[in-house]
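Structure file model.cif (mmCIF, N, CA and C atoms and all ligand atoms) follows.
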data_entry
#
loop_
_atom_site.label_atom_id
_atom_site.label_comp_id
_atom_site.auth_asym_id
_atom_site.auth_seq_id
_atom_site.Cartn_x
_atom_site.Cartn_y
_atom_site.Cartn_z
N MET X 1 160.80 139.16 -11.90
CA MET X 1 160.93 139.31 -10.46
C MET X 1 161.23 137.95 -9.85
N SER X 2 162.23 137.90 -9.04
CA SER X 2 162.62 136.63 -8.42
C SER X 2 161.64 136.26 -7.31
N ALA X 3 161.75 135.03 -6.87
CA ALA X 3 160.87 134.56 -5.79
C ALA X 3 161.10 135.37 -4.51
N VAL X 4 162.35 135.73 -4.27
CA VAL X 4 162.67 136.53 -3.08
C VAL X 4 162.05 137.92 -3.19
N ASP X 5 162.15 138.52 -4.41
CA ASP X 5 161.55 139.84 -4.61
C ASP X 5 160.03 139.79 -4.41
N ARG X 6 159.41 138.73 -4.95
CA ARG X 6 157.96 138.60 -4.79
C ARG X 6 157.60 138.45 -3.31
N GLU X 7 158.42 137.67 -2.60
CA GLU X 7 158.16 137.48 -1.17
C GLU X 7 158.29 138.80 -0.42
N ARG X 8 159.32 139.58 -0.75
CA ARG X 8 159.49 140.87 -0.09
C ARG X 8 158.35 141.83 -0.43
N ALA X 9 157.93 141.81 -1.69
CA ALA X 9 156.82 142.68 -2.10
C ALA X 9 155.56 142.30 -1.34
N ALA X 10 155.35 140.99 -1.20
CA ALA X 10 154.16 140.54 -0.48
C ALA X 10 154.23 140.93 0.99
N GLU X 11 155.45 140.83 1.55
CA GLU X 11 155.59 141.18 2.95
C GLU X 11 155.30 142.66 3.21
N SER X 12 155.55 143.49 2.22
CA SER X 12 155.37 144.93 2.44
C SER X 12 153.98 145.41 2.05
N ALA X 13 153.12 144.49 1.55
CA ALA X 13 151.79 144.91 1.12
C ALA X 13 150.87 145.03 2.33
N HIS X 14 150.22 146.18 2.43
CA HIS X 14 149.31 146.44 3.54
C HIS X 14 148.11 147.22 3.03
N PHE X 15 147.00 147.07 3.70
CA PHE X 15 145.87 147.98 3.54
C PHE X 15 145.49 148.45 4.93
N SER X 16 144.70 149.48 5.00
CA SER X 16 144.31 149.96 6.33
C SER X 16 142.90 149.47 6.65
N PHE X 17 142.70 149.10 7.89
CA PHE X 17 141.39 148.70 8.37
C PHE X 17 141.05 149.55 9.58
N ASP X 18 140.09 150.42 9.44
CA ASP X 18 139.73 151.36 10.51
C ASP X 18 140.99 152.03 11.06
N GLY X 19 141.92 152.35 10.16
CA GLY X 19 143.13 153.06 10.54
C GLY X 19 144.29 152.18 10.93
N GLU X 20 144.05 150.87 11.08
CA GLU X 20 145.13 149.94 11.45
C GLU X 20 145.72 149.31 10.20
N SER X 21 147.03 149.20 10.14
CA SER X 21 147.70 148.60 9.00
C SER X 21 147.57 147.07 9.06
N VAL X 22 147.08 146.48 7.97
CA VAL X 22 146.88 145.03 7.91
C VAL X 22 147.71 144.47 6.76
N PRO X 23 148.63 143.55 7.05
CA PRO X 23 149.44 142.95 5.97
C PRO X 23 148.65 141.87 5.23
N PHE X 24 149.01 141.64 3.99
CA PHE X 24 148.39 140.55 3.23
C PHE X 24 149.40 139.99 2.24
N VAL X 25 149.10 138.81 1.73
CA VAL X 25 149.92 138.23 0.68
C VAL X 25 149.12 138.25 -0.61
N ALA X 26 149.81 138.25 -1.72
CA ALA X 26 149.16 138.33 -3.02
C ALA X 26 148.12 137.22 -3.16
N GLY X 27 146.96 137.60 -3.64
CA GLY X 27 145.91 136.63 -3.87
C GLY X 27 144.94 136.48 -2.71
N GLN X 28 145.26 137.08 -1.57
CA GLN X 28 144.40 136.96 -0.40
C GLN X 28 143.21 137.92 -0.52
N SER X 29 142.08 137.50 -0.02
CA SER X 29 140.93 138.41 0.05
C SER X 29 141.09 139.30 1.27
N VAL X 30 140.32 140.39 1.29
CA VAL X 30 140.33 141.28 2.45
C VAL X 30 139.94 140.49 3.70
N GLY X 31 138.91 139.66 3.58
CA GLY X 31 138.45 138.88 4.73
C GLY X 31 139.52 137.92 5.24
N ALA X 32 140.20 137.25 4.33
CA ALA X 32 141.25 136.32 4.74
C ALA X 32 142.39 137.06 5.42
N ALA X 33 142.74 138.23 4.89
CA ALA X 33 143.82 139.01 5.50
C ALA X 33 143.43 139.48 6.90
N LEU X 34 142.18 139.91 7.05
CA LEU X 34 141.72 140.35 8.37
C LEU X 34 141.78 139.18 9.36
N MET X 35 141.29 138.02 8.94
CA MET X 35 141.32 136.85 9.82
C MET X 35 142.75 136.47 10.18
N ALA X 36 143.64 136.48 9.20
CA ALA X 36 145.04 136.13 9.46
C ALA X 36 145.70 137.13 10.41
N HIS X 37 145.16 138.35 10.44
CA HIS X 37 145.69 139.39 11.31
C HIS X 37 145.01 139.38 12.68
N GLY X 38 144.09 138.44 12.88
CA GLY X 38 143.44 138.30 14.18
C GLY X 38 142.15 139.09 14.33
N ILE X 39 141.67 139.68 13.24
CA ILE X 39 140.42 140.44 13.28
C ILE X 39 139.32 139.52 12.77
N THR X 40 138.42 139.10 13.63
CA THR X 40 137.43 138.08 13.26
C THR X 40 136.04 138.63 13.04
N SER X 41 135.78 139.87 13.42
CA SER X 41 134.47 140.46 13.14
C SER X 41 134.64 141.93 12.83
N TRP X 42 133.76 142.45 11.95
CA TRP X 42 133.89 143.85 11.53
C TRP X 42 132.55 144.51 11.30
N ARG X 43 131.51 143.86 11.67
CA ARG X 43 130.22 144.52 11.69
C ARG X 43 129.38 143.84 12.76
N THR X 44 128.26 144.45 13.08
CA THR X 44 127.35 143.85 14.04
C THR X 44 125.96 143.80 13.44
N THR X 45 125.15 142.90 13.96
CA THR X 45 123.77 142.82 13.49
C THR X 45 123.00 144.02 14.02
N ARG X 46 121.94 144.37 13.30
CA ARG X 46 121.22 145.61 13.61
C ARG X 46 120.48 145.56 14.94
N VAL X 47 119.86 144.45 15.23
CA VAL X 47 118.99 144.39 16.41
C VAL X 47 119.78 144.08 17.68
N GLN X 48 120.57 143.02 17.64
CA GLN X 48 121.22 142.57 18.88
C GLN X 48 122.71 142.87 18.91
N GLN X 49 123.22 143.56 17.90
CA GLN X 49 124.63 143.94 17.86
C GLN X 49 125.56 142.74 18.02
N ARG X 50 125.18 141.63 17.41
CA ARG X 50 126.06 140.46 17.45
C ARG X 50 127.16 140.61 16.42
N PRO X 51 128.38 140.18 16.76
CA PRO X 51 129.50 140.35 15.84
C PRO X 51 129.39 139.45 14.61
N ARG X 52 129.81 139.97 13.48
CA ARG X 52 129.81 139.20 12.23
C ARG X 52 131.12 139.42 11.49
N GLY X 53 131.57 138.37 10.83
CA GLY X 53 132.78 138.42 10.00
C GLY X 53 132.60 137.39 8.89
N LEU X 54 133.62 136.56 8.66
CA LEU X 54 133.47 135.51 7.66
C LEU X 54 132.58 134.40 8.19
N PHE X 55 131.68 133.92 7.35
CA PHE X 55 130.85 132.77 7.71
C PHE X 55 130.98 131.71 6.61
N CYS X 56 130.42 131.99 5.44
CA CYS X 56 130.52 131.00 4.36
C CYS X 56 131.88 131.07 3.66
N GLY X 57 132.41 132.27 3.53
CA GLY X 57 133.69 132.45 2.87
C GLY X 57 133.66 132.35 1.36
N ILE X 58 132.46 132.24 0.78
CA ILE X 58 132.35 132.07 -0.67
C ILE X 58 131.35 133.03 -1.31
N GLY X 59 130.98 134.08 -0.61
CA GLY X 59 130.12 135.11 -1.21
C GLY X 59 128.64 134.84 -1.16
N VAL X 60 128.20 133.91 -0.35
CA VAL X 60 126.79 133.55 -0.33
C VAL X 60 126.02 134.21 0.82
N CYS X 61 126.59 134.30 1.99
CA CYS X 61 125.81 134.67 3.18
C CYS X 61 125.73 136.18 3.45
N PHE X 62 126.61 136.97 2.91
CA PHE X 62 126.65 138.42 3.12
C PHE X 62 126.91 138.80 4.58
N ASP X 63 127.47 137.91 5.36
CA ASP X 63 127.81 138.24 6.75
C ASP X 63 129.03 139.14 6.83
N CYS X 64 129.82 139.18 5.79
CA CYS X 64 131.15 139.80 5.87
C CYS X 64 131.20 141.22 5.29
N LEU X 65 130.08 141.90 5.18
CA LEU X 65 130.04 143.20 4.52
C LEU X 65 130.90 144.23 5.24
N LEU X 66 131.60 145.02 4.43
CA LEU X 66 132.38 146.14 4.93
C LEU X 66 132.55 147.14 3.80
N THR X 67 133.24 148.22 4.07
CA THR X 67 133.44 149.28 3.09
C THR X 67 134.89 149.26 2.61
N VAL X 68 135.08 149.26 1.28
CA VAL X 68 136.42 149.26 0.70
C VAL X 68 136.53 150.45 -0.24
N ASP X 69 137.44 151.36 0.07
CA ASP X 69 137.64 152.56 -0.75
C ASP X 69 136.32 153.26 -1.06
N ASP X 70 135.57 153.53 -0.02
CA ASP X 70 134.30 154.26 -0.08
C ASP X 70 133.17 153.49 -0.78
N ARG X 71 133.36 152.25 -1.08
CA ARG X 71 132.30 151.43 -1.67
C ARG X 71 131.72 150.56 -0.57
N ARG X 72 130.49 150.87 -0.18
CA ARG X 72 129.86 150.18 0.94
C ARG X 72 129.39 148.78 0.53
N SER X 73 129.14 147.97 1.53
CA SER X 73 128.53 146.65 1.38
C SER X 73 129.30 145.75 0.43
N GLN X 74 130.60 145.75 0.56
CA GLN X 74 131.44 144.83 -0.20
C GLN X 74 131.65 143.56 0.62
N ARG X 75 131.64 142.43 -0.05
CA ARG X 75 131.85 141.17 0.65
C ARG X 75 133.35 140.93 0.83
N ALA X 76 133.78 140.94 2.07
CA ALA X 76 135.20 140.81 2.39
C ALA X 76 135.78 139.51 1.88
N CYS X 77 134.96 138.48 1.78
CA CYS X 77 135.47 137.18 1.34
C CYS X 77 135.75 137.15 -0.16
N LEU X 78 135.20 138.11 -0.91
CA LEU X 78 135.38 138.13 -2.36
C LEU X 78 136.29 139.26 -2.85
N VAL X 79 136.42 140.33 -2.08
CA VAL X 79 137.21 141.48 -2.52
C VAL X 79 138.69 141.17 -2.34
N PRO X 80 139.47 141.23 -3.42
CA PRO X 80 140.91 140.98 -3.28
C PRO X 80 141.58 142.11 -2.47
N ALA X 81 142.50 141.74 -1.62
CA ALA X 81 143.27 142.73 -0.87
C ALA X 81 144.18 143.48 -1.84
N VAL X 82 144.19 144.81 -1.71
CA VAL X 82 145.00 145.67 -2.58
C VAL X 82 145.81 146.60 -1.69
N ALA X 83 147.08 146.75 -2.01
CA ALA X 83 147.94 147.63 -1.22
C ALA X 83 147.38 149.05 -1.21
N GLY X 84 147.33 149.62 -0.03
CA GLY X 84 146.88 151.00 0.11
C GLY X 84 145.38 151.19 0.19
N ALA X 85 144.61 150.10 0.06
CA ALA X 85 143.15 150.23 0.14
C ALA X 85 142.75 150.71 1.53
N ARG X 86 141.64 151.44 1.57
CA ARG X 86 141.11 151.92 2.84
C ARG X 86 139.85 151.13 3.16
N VAL X 87 139.97 150.24 4.12
CA VAL X 87 138.86 149.35 4.48
C VAL X 87 138.29 149.82 5.82
N LEU X 88 136.96 149.89 5.84
CA LEU X 88 136.28 150.33 7.06
C LEU X 88 135.28 149.27 7.49
N SER X 89 135.16 149.09 8.79
CA SER X 89 134.12 148.19 9.28
C SER X 89 132.77 148.77 8.91
N ALA X 90 131.79 147.89 8.75
CA ALA X 90 130.48 148.34 8.29
C ALA X 90 129.69 148.99 9.41
N ASP X 91 128.91 149.98 9.05
CA ASP X 91 127.98 150.61 9.98
C ASP X 91 126.58 150.34 9.42
N PRO X 92 125.87 149.34 9.96
CA PRO X 92 124.60 148.96 9.35
C PRO X 92 123.54 150.04 9.43
N ASP X 93 123.72 151.03 10.27
CA ASP X 93 122.72 152.09 10.39
C ASP X 93 122.99 153.28 9.48
N ALA X 94 124.16 153.31 8.85
CA ALA X 94 124.45 154.42 7.95
C ALA X 94 123.64 154.25 6.67
N PRO X 95 123.18 155.36 6.09
CA PRO X 95 122.39 155.24 4.85
C PRO X 95 123.25 154.77 3.70
N LEU X 96 122.64 153.98 2.80
CA LEU X 96 123.35 153.53 1.62
C LEU X 96 123.48 154.68 0.63
N VAL X 97 124.57 154.71 -0.08
CA VAL X 97 124.77 155.69 -1.14
C VAL X 97 124.23 155.08 -2.42
N ALA X 98 123.34 155.79 -3.12
CA ALA X 98 122.66 155.23 -4.28
C ALA X 98 123.42 155.43 -5.58
N ALA X 99 124.62 155.97 -5.55
CA ALA X 99 125.36 156.29 -6.76
C ALA X 99 125.65 155.07 -7.62
N ASP X 100 125.92 153.93 -7.01
CA ASP X 100 126.30 152.73 -7.75
C ASP X 100 125.39 151.58 -7.38
N ALA X 101 124.13 151.70 -7.66
CA ALA X 101 123.16 150.69 -7.25
C ALA X 101 123.47 149.32 -7.83
N ALA X 102 124.05 149.28 -9.03
CA ALA X 102 124.33 148.00 -9.68
C ALA X 102 125.40 147.21 -8.92
N GLU X 103 126.21 147.87 -8.13
CA GLU X 103 127.27 147.18 -7.42
C GLU X 103 126.87 146.75 -6.01
N ARG X 104 125.68 147.11 -5.58
CA ARG X 104 125.24 146.71 -4.25
C ARG X 104 124.89 145.22 -4.25
N PRO X 105 125.02 144.56 -3.12
CA PRO X 105 124.63 143.16 -3.07
C PRO X 105 123.15 143.02 -3.34
N CYS X 106 122.79 141.90 -3.92
CA CYS X 106 121.39 141.66 -4.30
C CYS X 106 120.61 141.15 -3.09
N VAL X 107 120.09 142.07 -2.31
CA VAL X 107 119.27 141.74 -1.16
C VAL X 107 117.92 142.40 -1.37
N PRO X 108 116.82 141.64 -1.32
CA PRO X 108 115.51 142.24 -1.55
C PRO X 108 115.23 143.40 -0.60
N ALA X 109 114.50 144.40 -1.09
CA ALA X 109 114.15 145.55 -0.27
C ALA X 109 113.45 145.10 1.00
N GLY X 110 113.86 145.65 2.11
CA GLY X 110 113.25 145.31 3.39
C GLY X 110 113.84 144.08 4.04
N GLU X 111 114.74 143.39 3.36
CA GLU X 111 115.35 142.19 3.91
C GLU X 111 116.78 142.50 4.35
N ALA X 112 117.19 141.86 5.41
CA ALA X 112 118.57 141.98 5.85
C ALA X 112 119.35 140.83 5.25
N PRO X 113 120.66 140.99 5.06
CA PRO X 113 121.47 139.90 4.54
C PRO X 113 121.35 138.66 5.42
N HIS X 114 121.51 137.47 4.81
CA HIS X 114 121.49 136.23 5.56
C HIS X 114 122.48 136.30 6.70
N GLY X 115 122.12 135.76 7.83
CA GLY X 115 123.01 135.76 8.97
C GLY X 115 122.76 136.93 9.89
N ASP X 116 122.01 137.93 9.45
CA ASP X 116 121.68 139.06 10.30
C ASP X 116 120.50 138.66 11.15
N ASP X 117 120.57 138.92 12.45
CA ASP X 117 119.48 138.48 13.31
C ASP X 117 118.18 139.22 13.03
N ALA X 118 118.25 140.30 12.26
CA ALA X 118 117.03 141.02 11.93
C ALA X 118 116.12 140.16 11.04
N VAL X 119 116.71 139.21 10.30
CA VAL X 119 115.91 138.36 9.41
C VAL X 119 114.98 137.46 10.20
N SER X 120 115.49 136.87 11.27
CA SER X 120 114.68 135.91 12.02
C SER X 120 113.94 136.54 13.18
N SER X 121 114.22 137.80 13.48
CA SER X 121 113.55 138.46 14.59
C SER X 121 112.10 138.78 14.23
N PRO X 122 111.15 138.56 15.15
CA PRO X 122 109.76 138.88 14.87
C PRO X 122 109.56 140.37 14.60
N THR X 123 110.48 141.20 15.04
CA THR X 123 110.33 142.64 14.83
C THR X 123 111.13 143.11 13.63
N SER X 124 111.69 142.19 12.86
CA SER X 124 112.57 142.61 11.77
C SER X 124 111.86 143.49 10.75
N ARG X 125 110.59 143.26 10.49
CA ARG X 125 109.87 144.07 9.51
C ARG X 125 109.72 145.50 10.01
N GLU X 126 109.63 145.64 11.32
CA GLU X 126 109.49 146.98 11.87
C GLU X 126 110.81 147.73 11.83
N VAL X 127 111.92 146.97 11.95
CA VAL X 127 113.24 147.57 12.03
C VAL X 127 113.72 148.01 10.66
N SER X 128 113.48 147.18 9.64
CA SER X 128 114.03 147.45 8.31
C SER X 128 113.51 148.69 7.69
S1 LIG O 1 131.53 135.21 4.31
FE1 LIG O 1 129.62 134.75 3.37
S2 LIG O 1 129.47 136.27 1.81
FE2 LIG O 1 131.41 136.63 2.68
#
Please express what this file holds, its structure, as structure tokens.
Amino acid sequence: MSAVDRERAAESAHFSFDGESVPFVAGQSVGAALMAHGITSWRTTRVQQRPRGLFCGIGVCFDCLLTVDDRRSQRACLVPAVAGARVLSADPDAPLVAADAAERPCVPAGEAPHGDDAVSSPTSREVS
């Protein structure tokens, strides 16, 4: 494949985000593609509904969780963008699906991911 063909293929690569078509280039993460497309947040914190998107960008903070092809709690900064993927903003109040427990992020029971205001809130234990 020539450089021009690769460029054209990259230009035509899209995934959907909450029904909106988002372009990406090969090698880009879902989070990077969303940011490049002007989408800077895709979930909110549980208590104060503060917007969250990329923070660390390296898979540490779990601020960037979203759903990719029906797999919840995926880190947008680590998931490679794939043509045709169906990406949904996270709903922190929706119940987790226990089918693939090994693929869930490693967050202790009763704890919210780092960056979620529920962690530092005095009422966080009551909310979780
Ligand atoms: S931005 Fe921190 S884990 Fe993705």
Taking all atoms of ligand LIG 1 (chain O) that appear in the file, build a box with edges along x, y and z, extend it by 6 Å on every side, and state its centre and edge lengths in Å to one decimal, as AutoDock Vina command-line options.
--center_x 130.5 --center_y 135.7 --center_z 3.1 --size_x 14.1 --size_y 13.9 --size_z 14.5
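Secondary structure by DSSP on the backbone puts the following residues of segment 28-85 of chain X in helix (DSSP H, G or I): Val30, Gly31, Ala32, Ala33, Leu34, Met35 and Ala36 of chain X.
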**Q.** segment 70-82 of chain X surroundings by only C-alpha atoms, 8 Å radius, close-in-sequence under 5 positions cut, as a PyMOL selection string
**A.** chain X and resi 13-15+24+26-33+54+57-59+62-65+90+96-97+104-105
Q) Counting all atoms listed in the file, which of X:Leu88, X:Glu20, X:Gly38, X:Gly53 gets nearest to ligand LIG 1 (chain O)? A) X:Gly53
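From atom C of Ser12 of chain X back to atom C of Pro51 of chain X, the distance works out to 28.2 Å.
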**Q.** Test item: residues at most 6 Å from Ser89 of chain X, all atoms listed in the file, excluding those fewer than 3 positions along its chain, as a PyMOL selection string
**A.** chain X and resi 17-18+42-43+66-67
Q | Separation of atom C of Ile39 of chain X from atom CA of Ser16 of chain X in Å | A | 13.2 Å
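Each of X:Arg50, X:Leu34, X:Thr40, X:Val60 was compared to ligand LIG 1 (chain O) using all atoms listed in the file, and X:Val60 turns out to be the nearest.
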